[in-house]
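Here's the structure we're looking at; comments come further down.
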Amino acid sequence: MIYEFIKHAIIAGIFASIICGVLGVYIVLKRIAFISSGIAHGAFGGIGLGILLHINPIITALVFSVFSALGIEYSKEKSKLHEDTAIGILMSVGMALGIILISISKTYSVDLFGFLFGNILSVTLLDVYILMCLTAITLLFFYFFFKEFVVISFDEEYGKALGIPVEKLKIVFLMLVAFTVVLLIKIVGIVLVVALLTLPAAISRRFTKNIKNMIYLSVIISLISVVLGLSLSWYLDIPSGATIVLTNGIIFLLSCFKE
């Protein structure tokens, strides 16, 4: 007999693996893993606001993550503030704001451990449907703009010279990352979300330089780590999100022996 919450966890893990496999390749190629981490930590301020206002924290976290993504891009393109500095400020301010808002709310029944480190077994059917929709949108987006992303992954200036709307595509991509980060909070948590977005892609890059093959391999590796991580966490009674990330880490270490 398979419990309903386990079914939800497995299905959510599958769709999360597809999203991370696709988005992660671009994140690794562009070396912007720190951005996804900044968005995740900035979203914690939204979680605190949601708890204070007694509304679904994921909704407010989504709003914060979107503004965080836009803020990072704006600071890079319009202000004189260096991108790394802007992300560092966003991470610290977002976490600090979240902690203060939660303390003001005096809500002690909130599962902060779940928000920080994830609990895929708490995923609901609604979460699964949302993940399905986000996966479809992500796949369609990369299907229609794959060639453009290949170009800007290596040379944005060349992409602009070809007439590719680089800035618009980057903003849409950051929106997809923001949505993905918030949905992954339930699976691996704020602290570990960047690992799920980067490790599978980093592993696949060690085996192939072809971007399409890199995406396929990244998705497969992510799927393996999610299924194996879930199984281990169930039988060993340890946190699921951390186990999934640790499984990814072990696969990465093993991939280092290929050379």
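In the structure tokens, chains take the letters A, B, ... in the order shown, each chain's residues start at 1, and ligands count up from 1 in the order shown.
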Q: Considering only C-alpha atoms, return as a ChimeraX atom specification whatever protein or nucleic-acid residues lie within 8 Å of stretch 33-48 of chain A, sequence-local ones (same chain, fewer than 6 positions apart) excluded.
A: /A:27,57-66,68-69,72,84,87-88,90-102,177-178,181-182,190-191,193-194,197-198
Could you take the residues named above and write them with N, CA and C atoms, as a tab-separated table (two decimals), in the first residue's frame?
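Result saved to out.tsv:
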```
chain	number	residue	atom	x	y	z
A	27	ILE	N	21.79	28.07	-15.39
A	27	ILE	CA	22.35	28.67	-14.18
A	27	ILE	C	23.83	28.33	-14.05
A	57	PRO	N	2.05	31.44	3.57
A	57	PRO	CA	3.39	32.02	3.43
A	57	PRO	C	4.00	31.84	2.04
A	58	ILE	N	3.57	30.78	1.35
A	58	ILE	CA	4.12	30.53	0.01
A	58	ILE	C	3.70	31.64	-0.96
A	59	ILE	N	2.48	32.19	-0.77
A	59	ILE	CA	2.00	33.27	-1.64
A	59	ILE	C	2.85	34.52	-1.45
A	60	THR	N	3.07	34.91	-0.20
A	60	THR	CA	3.88	36.11	0.07
A	60	THR	C	5.35	35.86	-0.29
A	61	ALA	N	5.81	34.63	-0.11
A	61	ALA	CA	7.19	34.30	-0.49
A	61	ALA	C	7.37	34.44	-1.99
A	62	LEU	N	6.34	34.08	-2.75
A	62	LEU	CA	6.39	34.20	-4.21
A	62	LEU	C	6.52	35.66	-4.62
A	63	VAL	N	5.74	36.53	-3.97
A	63	VAL	CA	5.81	37.97	-4.27
A	63	VAL	C	7.21	38.50	-3.97
A	64	PHE	N	7.74	38.13	-2.81
A	64	PHE	CA	9.08	38.59	-2.42
A	64	PHE	C	10.14	38.07	-3.38
A	65	SER	N	10.01	36.82	-3.80
A	65	SER	CA	11.02	36.23	-4.68
A	65	SER	C	11.03	36.91	-6.05
A	66	VAL	N	9.85	37.26	-6.54
A	66	VAL	CA	9.75	37.95	-7.83
A	66	VAL	C	10.42	39.33	-7.74
A	68	SER	N	12.63	40.18	-5.60
A	68	SER	CA	14.07	39.94	-5.38
A	68	SER	C	14.78	39.73	-6.70
A	69	ALA	N	14.17	38.92	-7.57
A	69	ALA	CA	14.76	38.64	-8.88
A	69	ALA	C	14.86	39.92	-9.71
A	72	ILE	N	17.59	42.25	-8.27
A	72	ILE	CA	18.95	41.83	-8.62
A	72	ILE	C	19.30	42.27	-10.05
A	84	ASP	N	27.12	40.91	-6.99
A	84	ASP	CA	27.39	40.10	-5.81
A	84	ASP	C	27.03	40.85	-4.53
A	87	ILE	N	23.19	40.95	-4.14
A	87	ILE	CA	22.67	39.65	-3.71
A	87	ILE	C	22.96	39.41	-2.24
A	88	GLY	N	24.18	39.78	-1.81
A	88	GLY	CA	24.54	39.62	-0.40
A	88	GLY	C	23.65	40.45	0.51
A	90	LEU	N	20.58	41.50	-0.23
A	90	LEU	CA	19.24	40.92	-0.33
A	90	LEU	C	19.10	39.69	0.56
A	91	MET	N	20.10	38.82	0.55
A	91	MET	CA	20.05	37.61	1.35
A	91	MET	C	19.95	37.92	2.84
A	92	SER	N	20.82	38.82	3.31
A	92	SER	CA	20.85	39.13	4.73
A	92	SER	C	19.61	39.89	5.18
A	93	VAL	N	19.17	40.85	4.36
A	93	VAL	CA	17.98	41.64	4.71
A	93	VAL	C	16.72	40.76	4.69
A	94	GLY	N	16.61	39.89	3.68
A	94	GLY	CA	15.45	39.00	3.57
A	94	GLY	C	15.34	38.06	4.75
A	95	MET	N	16.44	37.45	5.15
A	95	MET	CA	16.43	36.54	6.29
A	95	MET	C	16.14	37.31	7.58
A	96	ALA	N	16.77	38.47	7.75
A	96	ALA	CA	16.55	39.27	8.96
A	96	ALA	C	15.10	39.71	9.08
A	97	LEU	N	14.52	40.17	7.95
A	97	LEU	CA	13.13	40.61	7.95
A	97	LEU	C	12.21	39.46	8.30
A	98	GLY	N	12.47	38.29	7.74
A	98	GLY	CA	11.65	37.11	8.04
A	98	GLY	C	11.67	36.75	9.51
A	99	ILE	N	12.85	36.75	10.08
A	99	ILE	CA	12.99	36.41	11.50
A	99	ILE	C	12.25	37.40	12.39
A	100	ILE	N	12.38	38.70	12.07
A	100	ILE	CA	11.71	39.73	12.87
A	100	ILE	C	10.19	39.62	12.76
A	101	LEU	N	9.67	39.44	11.53
A	101	LEU	CA	8.23	39.33	11.34
A	101	LEU	C	7.65	38.10	12.04
A	102	ILE	N	8.39	37.00	12.01
A	102	ILE	CA	7.93	35.78	12.69
A	102	ILE	C	7.90	35.98	14.19
A	177	VAL	N	12.87	31.13	-12.38
A	177	VAL	CA	13.70	30.73	-11.24
A	177	VAL	C	13.02	31.10	-9.93
A	178	ALA	N	12.44	32.31	-9.88
A	178	ALA	CA	11.76	32.77	-8.66
A	178	ALA	C	10.60	31.84	-8.30
A	181	VAL	N	12.05	28.44	-7.18
A	181	VAL	CA	12.65	28.51	-5.84
A	181	VAL	C	11.59	28.41	-4.76
A	182	VAL	N	10.49	29.15	-4.93
A	182	VAL	CA	9.43	29.13	-3.92
A	182	VAL	C	8.79	27.74	-3.81
A	190	ILE	N	14.81	26.53	1.99
A	190	ILE	CA	15.53	27.72	1.53
A	190	ILE	C	17.04	27.50	1.51
A	191	VAL	N	17.55	26.84	2.54
A	191	VAL	CA	18.99	26.68	2.68
A	191	VAL	C	19.58	25.80	1.57
A	193	VAL	N	18.01	24.91	-1.49
A	193	VAL	CA	17.39	25.01	-2.81
A	193	VAL	C	18.40	25.20	-3.93
A	194	VAL	N	19.45	25.97	-3.66
A	194	VAL	CA	20.45	26.23	-4.69
A	194	VAL	C	21.17	24.95	-5.12
A	197	LEU	N	19.23	23.08	-7.74
A	197	LEU	CA	19.25	23.77	-9.02
A	197	LEU	C	20.59	23.68	-9.73
A	198	THR	N	21.65	23.40	-9.00
A	198	THR	CA	22.98	23.45	-9.61
A	198	THR	C	23.71	22.10	-9.68
```
Q) Per DSSP on the backbone, what are the helix (DSSP H, G or I) residues of stretch 41-187 of chain A, as a PyMOL selection string? A) chain A and resi 41-53+57-77+83-105+112-117+120-122+125-144+146-154+156-161+166-185
Q) For the atom pair atom CA of A:Ala201 and atom CA of A:Gly24, what is the interatomic distance in Å to one decimal place? A) 5.4 Å
Q | Contacts of A:Arg205 within 10 Å, only C-alpha atoms, excl. fewer than 5 positions in-chain, as a VMD selection string | A | chain A and resid 25 28 to 29 199 to 200 210 to 211 213 to 215 217 to 218
Q. If we count only C-alpha atoms, what is near A:Phe141 at a cut-off of 12 Å, once residues fewer than 3 positions away on the same chain are taken out, given as JSON, numbers by chain?
A. {"A": [19, 22, 23, 134, 135, 136, 137, 138, 144, 145, 146, 147, 148, 149, 169, 170, 172, 173, 175, 176]}
Q.
Which residues are near stretch 224-233 of chain A? Cut-off 12 Å, only C-alpha atoms, ignore same chain within fewer than 5 positions. Put them as an NGL selection string.
A. :A and (6-18 or 20-21 or 119-121 or 187-188 or 195-196 or 199-200 or 203 or 217-219 or 238-252)
(Q) What's the separation between atom CA of A:Leu53 and atom CA of A:Ile130, in Å to one decimal place? (A)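 Atom-to-atom, atom CA of A:Leu53 and atom CA of A:Ile130 are spaced 23.0 Å apart.
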